[in-house]
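One file, protein.csv, carrying CSV, C-alpha atoms and all ligand atoms:
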chain,number,residue,atom,x,y,z
A,78,MET,CA,64.1,75.8,191.7
A,79,ALA,CA,62.4,78.9,190.1
A,80,ALA,CA,58.7,78.9,189.7
A,81,PRO,CA,57.3,77.9,186.2
A,82,GLU,CA,56.1,81.4,185.4
A,83,GLU,CA,59.5,82.8,186.2
A,84,ILE,CA,61.2,80.3,184.0
A,85,ASN,CA,58.9,81.0,181.2
A,86,ALA,CA,59.4,84.8,181.5
A,87,ASP,CA,63.2,84.3,181.5
A,88,MET,CA,63.1,82.0,178.5
A,89,LEU,CA,60.8,84.4,176.6
A,90,ALA,CA,63.2,87.3,177.3
A,91,PHE,CA,66.3,85.3,176.4
A,92,TRP,CA,65.0,83.8,173.1
A,93,ASN,CA,63.5,87.1,172.0
A,94,GLY,CA,66.5,89.1,173.1
A,95,ASN,CA,70.3,88.6,172.8
A,96,GLY,CA,70.0,84.8,172.9
A,97,GLY,CA,67.6,84.6,169.9
A,98,TYR,CA,69.6,87.2,167.8
A,99,THR,CA,72.9,85.3,168.5
A,100,TRP,CA,71.3,82.1,167.4
A,101,VAL,CA,70.1,83.8,164.2
A,102,ALA,CA,73.6,85.1,163.5
A,103,ARG,CA,75.3,81.8,164.3
A,104,GLN,CA,72.6,79.6,162.7
A,105,GLU,CA,74.4,78.6,159.5
A,106,HIS,CA,77.4,77.4,161.6
A,107,THR,CA,75.2,75.6,164.1
A,108,ASP,CA,73.2,73.9,161.3
A,109,ILE,CA,76.4,72.5,159.7
A,110,THR,CA,77.6,71.2,163.1
A,111,LEU,CA,74.2,69.6,163.7
A,112,THR,CA,73.5,68.2,160.2
A,113,PRO,CA,74.3,64.6,161.2
A,114,VAL,CA,71.9,65.0,164.2
A,115,THR,CA,69.1,66.3,161.9
A,116,ASP,CA,69.7,63.4,159.6
A,117,ALA,CA,69.5,61.0,162.5
A,118,LEU,CA,66.2,62.6,163.8
A,119,LEU,CA,64.7,62.4,160.3
A,120,ALA,CA,65.6,58.7,160.1
A,121,PHE,CA,64.2,58.0,163.6
A,122,ALA,CA,61.0,60.0,163.1
A,123,ALA,CA,60.4,58.6,159.5
A,124,PRO,CA,58.0,61.3,158.3
A,125,ARG,CA,55.8,60.1,155.5
A,126,THR,CA,54.3,61.9,152.4
A,127,GLY,CA,51.2,63.9,153.3
A,128,GLU,CA,51.7,63.8,157.1
A,129,ARG,CA,50.9,66.7,159.4
A,130,VAL,CA,53.9,67.5,161.6
A,131,VAL,CA,54.4,69.7,164.6
A,132,ASP,CA,58.0,70.8,165.3
A,133,ILE,CA,58.4,72.2,168.9
A,134,GLY,CA,61.0,74.8,169.5
A,135,CYS,CA,61.7,74.9,165.7
A,136,GLY,CA,63.9,78.0,166.0
A,137,CYS,CA,65.5,79.0,162.7
A,138,GLY,CA,64.1,75.9,161.2
A,139,ALA,CA,66.9,73.6,159.9
A,140,PRO,CA,65.1,70.4,160.9
A,141,THR,CA,61.7,72.0,160.2
A,142,LEU,CA,62.6,72.5,156.5
A,143,GLU,CA,63.8,68.9,156.3
A,144,PHE,CA,60.5,67.6,157.7
A,145,ALA,CA,58.6,69.9,155.2
A,146,ARG,CA,60.6,68.4,152.3
A,147,ALA,CA,59.9,64.9,153.6
A,148,VAL,CA,56.1,65.2,153.9
A,149,GLY,CA,56.0,67.1,150.5
A,150,PRO,CA,53.4,69.6,149.3
A,151,SER,CA,50.5,67.4,150.4
A,152,GLY,CA,51.8,67.4,154.0
A,153,ARG,CA,52.2,70.3,156.4
A,154,VAL,CA,54.5,71.3,159.2
A,155,ALA,CA,53.6,73.7,162.0
A,156,GLY,CA,56.8,75.2,163.5
A,157,LEU,CA,56.1,76.4,167.0
A,158,ASP,CA,58.5,78.6,168.9
A,159,ILE,CA,58.5,81.5,171.4
A,160,SER,CA,61.3,83.4,169.6
A,161,GLY,CA,60.2,86.1,167.1
A,162,PRO,CA,63.7,86.6,165.6
A,163,MET,CA,64.3,82.9,165.1
A,164,LEU,CA,60.9,82.2,163.6
A,165,ALA,CA,61.4,85.2,161.2
A,166,GLU,CA,64.7,83.6,160.1
A,167,GLY,CA,63.0,80.3,159.6
A,168,ALA,CA,60.3,81.9,157.4
A,169,ARG,CA,63.0,83.7,155.4
A,170,ARG,CA,64.9,80.5,154.8
A,171,ALA,CA,61.8,78.6,153.8
A,172,ASN,CA,60.9,81.4,151.3
A,173,ALA,CA,64.4,81.4,149.8
A,174,ALA,CA,64.2,77.6,149.4
A,175,GLY,CA,60.7,77.8,147.9
A,176,ILE,CA,59.2,75.7,150.7
A,177,ALA,CA,55.6,76.8,151.3
A,178,ASN,CA,54.1,74.0,153.5
A,179,VAL,CA,55.3,75.4,156.9
A,180,ASP,CA,53.3,77.5,159.2
A,181,TRP,CA,55.7,79.5,161.5
A,182,ARG,CA,53.8,80.1,164.7
A,183,LYS,CA,54.9,82.2,167.6
A,184,ALA,CA,53.2,80.2,170.3
A,185,ASP,CA,53.9,78.5,173.6
A,186,PRO,CA,53.4,74.7,173.2
A,187,ALA,CA,52.0,74.7,176.8
A,188,THR,CA,48.9,76.6,175.7
A,189,ALA,CA,48.8,76.7,171.9
A,190,ALA,CA,45.7,75.2,170.2
A,191,LEU,CA,47.1,72.5,168.0
A,192,ASP,CA,45.5,71.1,164.9
A,193,GLU,CA,45.3,67.3,164.8
A,194,TYR,CA,48.8,66.1,163.9
A,195,ASP,CA,50.5,62.8,162.9
A,196,LEU,CA,54.0,63.4,164.2
A,197,LEU,CA,55.2,65.6,167.0
A,198,THR,CA,58.9,66.3,166.8
A,199,SER,CA,61.6,68.5,168.3
A,200,ALA,CA,65.3,69.0,168.0
A,201,PHE,CA,66.5,70.4,171.3
A,202,GLY,CA,63.4,72.5,171.8
A,203,VAL,CA,61.4,70.8,174.6
A,204,MET,CA,63.9,71.3,177.5
A,205,PHE,CA,63.0,74.9,178.3
A,206,PHE,CA,59.4,74.7,179.5
A,207,GLY,CA,58.5,76.1,183.0
A,208,ASP,CA,56.0,73.3,183.5
A,209,ARG,CA,56.9,70.3,181.4
A,210,VAL,CA,54.0,68.1,182.3
A,211,SER,CA,51.3,70.7,181.4
A,212,ALA,CA,53.2,71.5,178.1
A,213,PHE,CA,53.3,67.8,177.1
A,214,ALA,CA,49.7,67.3,178.2
A,215,ASN,CA,48.6,70.2,175.9
A,216,MET,CA,50.6,68.7,173.0
A,217,ARG,CA,49.0,65.3,173.8
A,218,ARG,CA,45.5,66.9,173.3
A,219,GLY,CA,46.4,67.8,169.6
A,220,ALA,CA,47.5,64.3,168.7
A,221,GLY,CA,45.7,62.5,165.9
A,222,PRO,CA,44.5,58.9,166.3
A,223,ASN,CA,47.8,57.3,165.2
A,224,ALA,CA,50.1,60.1,166.3
A,225,ARG,CA,53.7,59.5,167.3
A,226,MET,CA,56.4,61.6,168.9
A,227,ALA,CA,60.1,61.7,168.0
A,228,LEU,CA,62.5,64.0,169.9
A,229,VAL,CA,66.2,64.5,170.2
A,230,CYS,CA,67.6,65.9,173.4
A,231,TRP,CA,71.1,66.1,175.0
A,232,ARG,CA,72.3,63.5,177.5
A,233,THR,CA,74.4,64.7,180.5
A,234,LEU,CA,77.1,67.3,180.4
A,235,ALA,CA,79.7,64.7,181.3
A,236,GLU,CA,78.7,62.7,178.2
A,237,ASN,CA,79.1,65.8,176.0
A,238,PRO,CA,82.7,66.9,175.8
A,239,TRP,CA,81.9,69.3,173.0
A,240,MET,CA,80.2,71.4,175.8
A,241,GLU,CA,82.2,70.2,178.8
A,242,VAL,CA,85.7,70.9,177.4
A,243,PRO,CA,85.0,74.6,176.7
A,244,MET,CA,83.2,75.0,180.1
A,245,LYS,CA,86.1,73.5,182.0
A,246,ALA,CA,88.6,75.5,180.1
A,247,VAL,CA,87.0,78.8,181.1
A,248,ALA,CA,85.7,77.9,184.6
A,249,GLN,CA,89.1,78.4,186.3
A,250,TYR,CA,89.1,82.1,185.4
A,251,LEU,CA,85.6,82.9,186.7
A,252,PRO,CA,83.9,83.2,190.0
A,253,PRO,CA,82.3,80.0,191.3
A,254,ARG,CA,78.7,79.3,190.1
A,255,PRO,CA,75.9,77.7,192.0
A,256,LYS,CA,75.7,73.9,191.7
A,257,PRO,CA,73.4,72.9,188.7
A,258,VAL,CA,69.9,71.8,189.9
A,259,PRO,CA,69.1,68.3,188.6
A,260,ASN,CA,66.5,68.4,185.7
A,261,ALA,CA,66.4,72.2,185.8
A,262,ALA,CA,65.0,73.9,182.6
A,263,GLY,CA,67.8,74.2,180.1
A,264,MET,CA,70.0,72.2,177.8
A,265,PHE,CA,70.3,69.1,180.0
A,266,ALA,CA,66.7,69.0,181.3
A,267,PHE,CA,65.9,65.8,179.4
A,268,ALA,CA,69.2,64.0,180.1
A,269,ASP,CA,67.7,61.6,182.7
A,270,PRO,CA,65.4,58.9,181.1
A,271,GLN,CA,63.6,58.3,184.4
A,272,HIS,CA,62.7,62.0,184.7
A,273,VAL,CA,61.6,62.1,181.0
A,274,THR,CA,59.5,58.9,181.6
A,275,GLU,CA,57.8,60.5,184.6
A,276,VAL,CA,57.1,63.7,182.7
A,277,LEU,CA,55.7,62.0,179.6
A,278,THR,CA,53.6,59.4,181.4
A,279,ALA,CA,52.1,62.1,183.7
A,280,ALA,CA,51.2,64.1,180.6
A,281,GLY,CA,49.2,61.2,179.0
A,282,TRP,CA,52.0,59.6,176.8
A,283,ALA,CA,53.0,56.0,176.8
A,284,ARG,CA,56.3,55.0,178.4
A,285,PRO,CA,58.9,56.4,176.0
A,286,HIS,CA,61.6,54.4,174.2
A,287,PHE,CA,65.2,55.8,174.3
A,288,GLU,CA,67.9,55.3,171.8
A,289,MET,CA,71.4,56.6,172.4
A,290,LEU,CA,72.8,58.8,169.6
A,291,ASP,CA,76.6,59.3,169.9
A,292,MET,CA,78.5,61.2,167.3
A,293,ASP,CA,81.5,63.5,167.1
A,294,LEU,CA,80.3,67.1,166.4
A,295,ASP,CA,82.4,69.4,164.3
A,296,ILE,CA,82.0,72.6,166.4
A,297,ALA,CA,84.2,74.5,163.8
A,298,ALA,CA,81.7,73.6,161.1
A,299,GLY,CA,84.7,73.1,158.8
A,300,ARG,CA,85.9,76.7,159.3
A,301,GLY,CA,88.9,76.2,161.6
A,302,LEU,CA,89.9,76.5,165.2
A,303,GLU,CA,89.1,80.2,165.6
A,304,GLU,CA,85.5,79.6,164.4
A,305,ALA,CA,85.2,76.8,167.0
A,306,VAL,CA,86.4,79.2,169.7
A,307,ALA,CA,83.9,81.8,168.5
A,308,GLN,CA,81.0,79.4,168.4
A,309,SER,CA,81.8,78.0,171.9
A,310,THR,CA,82.0,81.5,173.4
A,311,GLN,CA,79.0,83.0,171.7
A,312,ILE,CA,76.4,80.3,172.2
A,313,GLY,CA,75.5,78.4,175.3
A,314,ALA,CA,76.8,78.4,178.9
A,315,VAL,CA,80.3,79.7,178.2
A,316,ASN,CA,78.7,82.8,176.6
A,317,SER,CA,76.6,83.6,179.7
A,318,TRP,CA,79.5,83.0,182.0
A,319,LEU,CA,81.8,85.4,180.2
A,320,ARG,CA,79.1,88.1,180.0
A,321,ASN,CA,79.9,91.2,182.2
A,322,GLN,CA,83.4,89.9,183.0
A,323,PRO,CA,86.4,92.3,182.8
A,324,ALA,CA,88.2,92.2,179.5
A,325,GLU,CA,91.4,90.7,180.9
A,326,ILE,CA,89.4,87.8,182.4
A,327,VAL,CA,87.6,87.2,179.1
A,328,SER,CA,90.8,87.1,177.1
A,329,ALA,CA,92.5,84.7,179.5
A,330,ALA,CA,89.4,82.4,179.4
A,331,ILE,CA,89.4,82.5,175.6
A,332,ALA,CA,93.1,81.7,175.4
A,333,SER,CA,92.5,78.8,177.7
A,334,LEU,CA,89.6,77.6,175.6
A,335,ARG,CA,91.6,77.8,172.4
A,336,GLU,CA,94.4,75.7,174.0
A,337,ALA,CA,91.8,73.1,175.2
A,338,LEU,CA,90.2,72.8,171.8
A,339,ALA,CA,93.5,72.7,169.8
A,340,PRO,CA,94.1,68.9,170.3
A,341,TYR,CA,90.7,68.2,168.7
A,342,ALA,CA,91.5,70.1,165.5
A,343,ASP,CA,91.7,68.0,162.4
A,344,GLY,CA,92.4,70.2,159.4
A,345,ALA,CA,89.5,72.8,159.4
A,346,SER,CA,87.3,70.7,161.7
A,347,VAL,CA,87.3,70.5,165.5
A,348,ARG,CA,85.4,67.3,166.4
A,349,LEU,CA,84.4,66.5,170.0
A,350,PRO,CA,82.0,63.8,171.2
A,351,GLY,CA,78.3,64.6,171.6
A,352,ALA,CA,75.7,62.4,173.3
A,353,MET,CA,72.0,62.5,172.7
A,354,TRP,CA,68.8,60.6,173.3
A,355,LEU,CA,66.4,59.9,170.5
A,356,ILE,CA,63.1,59.6,172.3
A,357,SER,CA,59.9,58.2,170.9
A,358,SER,CA,56.4,57.7,172.3
A,359,THR,CA,52.7,57.6,171.4
A,360,PRO,CA,49.6,58.8,173.1
A,361,ALA,CA,48.8,56.5,176.0
B,1,LIG,C1,68.5,74.9,171.0
B,1,LIG,S1,67.3,75.8,170.1
B,1,LIG,C2,66.8,74.6,168.8
B,1,LIG,C3,66.2,75.2,167.6
B,1,LIG,C4,65.9,74.3,166.5
B,1,LIG,N1,65.0,73.2,166.8
B,1,LIG,C5,67.2,73.7,165.8
B,1,LIG,O1,67.4,72.5,166.0
B,1,LIG,O2,67.9,74.5,165.2
B,1,LIG,C6,65.9,75.8,171.2
B,1,LIG,C7,64.7,76.5,170.7
B,1,LIG,O3,63.6,76.3,171.6
B,1,LIG,C8,62.9,77.4,171.7
B,1,LIG,N2,62.1,77.5,173.0
B,1,LIG,C9,62.6,77.8,174.2
B,1,LIG,N3,61.6,77.7,175.1
B,1,LIG,C10,60.5,77.4,174.4
B,1,LIG,C11,59.1,77.2,174.7
B,1,LIG,N4,58.7,77.3,176.0
B,1,LIG,N5,58.3,76.8,173.8
B,1,LIG,C12,58.7,76.7,172.5
B,1,LIG,N6,59.9,76.9,172.1
B,1,LIG,C13,60.8,77.2,173.0
B,1,LIG,C14,63.9,78.6,171.5
B,1,LIG,O4,63.3,79.8,171.1
B,1,LIG,C15,64.8,78.0,170.5
B,1,LIG,O5,64.3,78.3,169.2
This structure in structure tokens:
Amino acid sequence: MAAPEEINADMLAFWNGNGGYTWVARQEHTDITLTPVTDALLAFAAPRTGERVVDIGCGCGAPTLEFARAVGPSGRVAGLDISGPMLAEGARRANAAGIANVDWRKADPATAALDEYDLLTSAFGVMFFGDRVSAFANMRRGAGPNARMALVCWRTLAENPWMEVPMKAVAQYLPPRPKPVPNAAGMFAFADPQHVTEVLTAAGWARPHFEMLDMDLDIAAGRGLEEAVAQSTQIGAVNSWLRNQPAEIVSAAIASLREALAPYADGASVRLPGAMWLISSTPA
């Protein structure tokens, strides 16, 4: 496995480069797809009026803005992320919505000085750390006396057909890739509850509680099959696999992807199962 500093450097380059800009361009679509997940995270985290929230890996801020609304003007949300372009988009959206109680901070949660908070949350933003234990230990240091944590993370690839179906559809056209390393930094790094438990308890958190969250995700965001194909090929693993491939390979892979997604189309939606963990804990 790569060294923590190497992982951090790669992530910084990705989320401030093409990756971050693609996320900004596709954010409206992604937010529609993930609205039911944001709703589930809010219900699970139960933010209260006046609370101080830290949102890790807040990105362009769809969940951040919902937390800001939930805690109201007497509360405050710190949105931490390493991606300049995504934070700028979050700040722009907050401004447009008249939401003034969010601090958008370009900072690494592994080293950032955190003000005392009541709630630490993250929607798919904690799986990319080079050194997870030291990142969660640093976040633990900022916890207020009755602080709690509420996260949402992906379960395994095999439990997430919205991702696996596109990956399988294009794989046959591409050169073989190295076998995935278990728990490696990336989308599925928090899929294994035993691993997550080891990380959190080593970082000074109580044994976490896990709740399964299973829901069909509309990867077309109500915009039809072609949009589902565009979303699948522009964000995530399929995108990186297709990069630098000859044009004829890319078009064959995309045609195969379209065919694989077509059976899931239902009017303008394309719904495939998604599987997540809702994870909670408190300082030990
Ligand atoms: C999948 S996106 C989720 C964004 C947002 N929470 C949402 O739900 O729309 C992952 C986010 O984690 C951020 N990220 C990656 N590595 C990070 C790190 N070491 N520290 C903080 N954020 C990180 C990325 O920049 C990106 O914004």
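Closest approach to Ala324 in chain A from the set A:Ala339, A:Ala268, A:Ala214, A:Tyr250 is made by A:Tyr250, with distances taken over all atoms listed in the file.
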message = For a quick check of understanding, using only C-alpha atoms and all ligand atoms, which of A:Gly97, A:Pro252, A:Gly127, A:Pro323 has the smallest distance to ligand LIG 1 (chain B)?
response = A:Gly97
key: Among listed residues A:Ile326, A:Ile296, A:Ala117, A:Val101, nearest Pro238 in chain A (using all atoms listed in the file)   = A:Ile296
message = When you count all atoms listed in the file, which of these residues is closest to ligand LIG 1 (chain B): A:Arg232, A:Arg209, A:Arg169, A:Arg335?
response = A:Arg209
task = Between A:Val247, A:Glu304, A:His272, A:Ala314, single out the one closest to ligand LIG 1 (chain B), counting all atoms listed in the file.
result =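 Selected residue with least distance to ligand LIG 1 (chain B): A:Ala314.
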Write out, as JSON lines, each residue of chain A that has an atom at most 9 Å from ligand LIG 1 (chain B), together with the closest pair of atoms and their distance in Å to one decimal, counting all atoms listed in the file, rows going by chain and rising number.
{"residue": "A:Ile84", "atom": "CA", "partner": "B:LIG1", "partner_atom": "N4", "distance": 8.9}
{"residue": "A:Asn85", "atom": "CA", "partner": "B:LIG1", "partner_atom": "N4", "distance": 6.4}
{"residue": "A:Met88", "atom": "CA", "partner": "B:LIG1", "partner_atom": "N3", "distance": 5.7}
{"residue": "A:Leu89", "atom": "CA", "partner": "B:LIG1", "partner_atom": "N3", "distance": 6.9}
{"residue": "A:Phe91", "atom": "CA", "partner": "B:LIG1", "partner_atom": "O4", "distance": 8.2}
{"residue": "A:Trp92", "atom": "CA", "partner": "B:LIG1", "partner_atom": "O4", "distance": 4.8}
{"residue": "A:Asn93", "atom": "CA", "partner": "B:LIG1", "partner_atom": "O4", "distance": 7.4}
{"residue": "A:Gly96", "atom": "CA", "partner": "B:LIG1", "partner_atom": "O4", "distance": 8.6}
{"residue": "A:Gly97", "atom": "CA", "partner": "B:LIG1", "partner_atom": "O4", "distance": 6.6}
{"residue": "A:Trp100", "atom": "CA", "partner": "B:LIG1", "partner_atom": "S1", "distance": 7.9}
{"residue": "A:Gln104", "atom": "CA", "partner": "B:LIG1", "partner_atom": "O2", "distance": 7.4}
{"residue": "A:Thr107", "atom": "CA", "partner": "B:LIG1", "partner_atom": "O2", "distance": 7.5}
{"residue": "A:Asp108", "atom": "CA", "partner": "B:LIG1", "partner_atom": "O2", "distance": 6.6}
{"residue": "A:Leu111", "atom": "CA", "partner": "B:LIG1", "partner_atom": "O1", "distance": 7.7}
{"residue": "A:Val114", "atom": "CA", "partner": "B:LIG1", "partner_atom": "O1", "distance": 8.9}
{"residue": "A:Thr115", "atom": "CA", "partner": "B:LIG1", "partner_atom": "O1", "distance": 7.6}
{"residue": "A:Asp132", "atom": "CA", "partner": "B:LIG1", "partner_atom": "N1", "distance": 7.6}
{"residue": "A:Ile133", "atom": "CA", "partner": "B:LIG1", "partner_atom": "C12", "distance": 5.8}
{"residue": "A:Gly134", "atom": "CA", "partner": "B:LIG1", "partner_atom": "N6", "distance": 3.5}
{"residue": "A:Cys135", "atom": "CA", "partner": "B:LIG1", "partner_atom": "N1", "distance": 3.9}
{"residue": "A:Gly136", "atom": "CA", "partner": "B:LIG1", "partner_atom": "O5", "distance": 3.2}
{"residue": "A:Cys137", "atom": "CA", "partner": "B:LIG1", "partner_atom": "O2", "distance": 5.7}
{"residue": "A:Gly138", "atom": "CA", "partner": "B:LIG1", "partner_atom": "O2", "distance": 5.7}
{"residue": "A:Ala139", "atom": "CA", "partner": "B:LIG1", "partner_atom": "O2", "distance": 5.5}
{"residue": "A:Pro140", "atom": "CA", "partner": "B:LIG1", "partner_atom": "O1", "distance": 6.0}
{"residue": "A:Thr141", "atom": "CA", "partner": "B:LIG1", "partner_atom": "N1", "distance": 7.5}
{"residue": "A:Leu157", "atom": "CA", "partner": "B:LIG1", "partner_atom": "C12", "distance": 6.1}
{"residue": "A:Asp158", "atom": "CA", "partner": "B:LIG1", "partner_atom": "N6", "distance": 3.9}
{"residue": "A:Ile159", "atom": "CA", "partner": "B:LIG1", "partner_atom": "N6", "distance": 4.9}
{"residue": "A:Ser160", "atom": "CA", "partner": "B:LIG1", "partner_atom": "O4", "distance": 4.4}
{"residue": "A:Gly161", "atom": "CA", "partner": "B:LIG1", "partner_atom": "O4", "distance": 8.1}
{"residue": "A:Pro162", "atom": "CA", "partner": "B:LIG1", "partner_atom": "O4", "distance": 8.8}
{"residue": "A:Met163", "atom": "CA", "partner": "B:LIG1", "partner_atom": "O5", "distance": 6.2}
{"residue": "A:Leu164", "atom": "CA", "partner": "B:LIG1", "partner_atom": "O5", "distance": 7.6}
{"residue": "A:Lys183", "atom": "CA", "partner": "B:LIG1", "partner_atom": "C12", "distance": 8.3}
{"residue": "A:Ala184", "atom": "CA", "partner": "B:LIG1", "partner_atom": "C12", "distance": 6.9}
{"residue": "A:Asp185", "atom": "CA", "partner": "B:LIG1", "partner_atom": "N5", "distance": 4.7}
{"residue": "A:Pro186", "atom": "CA", "partner": "B:LIG1", "partner_atom": "N5", "distance": 5.4}
{"residue": "A:Ala187", "atom": "CA", "partner": "B:LIG1", "partner_atom": "N4", "distance": 7.2}
{"residue": "A:Ser199", "atom": "CA", "partner": "B:LIG1", "partner_atom": "N1", "distance": 6.0}
{"residue": "A:Ala200", "atom": "CA", "partner": "B:LIG1", "partner_atom": "N1", "distance": 4.4}
{"residue": "A:Phe201", "atom": "CA", "partner": "B:LIG1", "partner_atom": "C2", "distance": 4.9}
{"residue": "A:Gly202", "atom": "CA", "partner": "B:LIG1", "partner_atom": "O3", "distance": 3.8}
{"residue": "A:Val203", "atom": "CA", "partner": "B:LIG1", "partner_atom": "C13", "distance": 6.6}
{"residue": "A:Met204", "atom": "CA", "partner": "B:LIG1", "partner_atom": "N3", "distance": 7.2}
{"residue": "A:Phe205", "atom": "CA", "partner": "B:LIG1", "partner_atom": "N3", "distance": 4.5}
{"residue": "A:Phe206", "atom": "CA", "partner": "B:LIG1", "partner_atom": "N4", "distance": 4.4}
{"residue": "A:Gly207", "atom": "CA", "partner": "B:LIG1", "partner_atom": "N4", "distance": 7.1}
{"residue": "A:Asp208", "atom": "CA", "partner": "B:LIG1", "partner_atom": "N4", "distance": 8.9}
{"residue": "A:Ala212", "atom": "CA", "partner": "B:LIG1", "partner_atom": "N4", "distance": 8.3}
{"residue": "A:Gly263", "atom": "CA", "partner": "B:LIG1", "partner_atom": "C9", "distance": 8.6}
{"residue": "A:Met264", "atom": "CA", "partner": "B:LIG1", "partner_atom": "C1", "distance": 7.5}
{"residue": "A:Gly313", "atom": "CA", "partner": "B:LIG1", "partner_atom": "C1", "distance": 8.9}
Spatial neighbours of Asp195 in chain A, max dist 9 Å, only C-alpha atoms, sep filter under 6 positions, as a list of chain:residue names = A:Pro124, A:Glu128, A:Arg129, A:Val130, A:Val131, A:Ala220, A:Gly221, A:Pro222, A:Asn223, A:Ala224, A:Arg225, A:Met226
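Closest to Ala248 in chain A among A:Val327, A:Ala165, A:Ala283, A:Ala190 is A:Val327, based on only C-alpha atoms.
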task = Report the distance between CA of Ala266 in chain A and CA of Leu349 in chain A in Å, rounded to one decimal place.
result = 21.1 Å
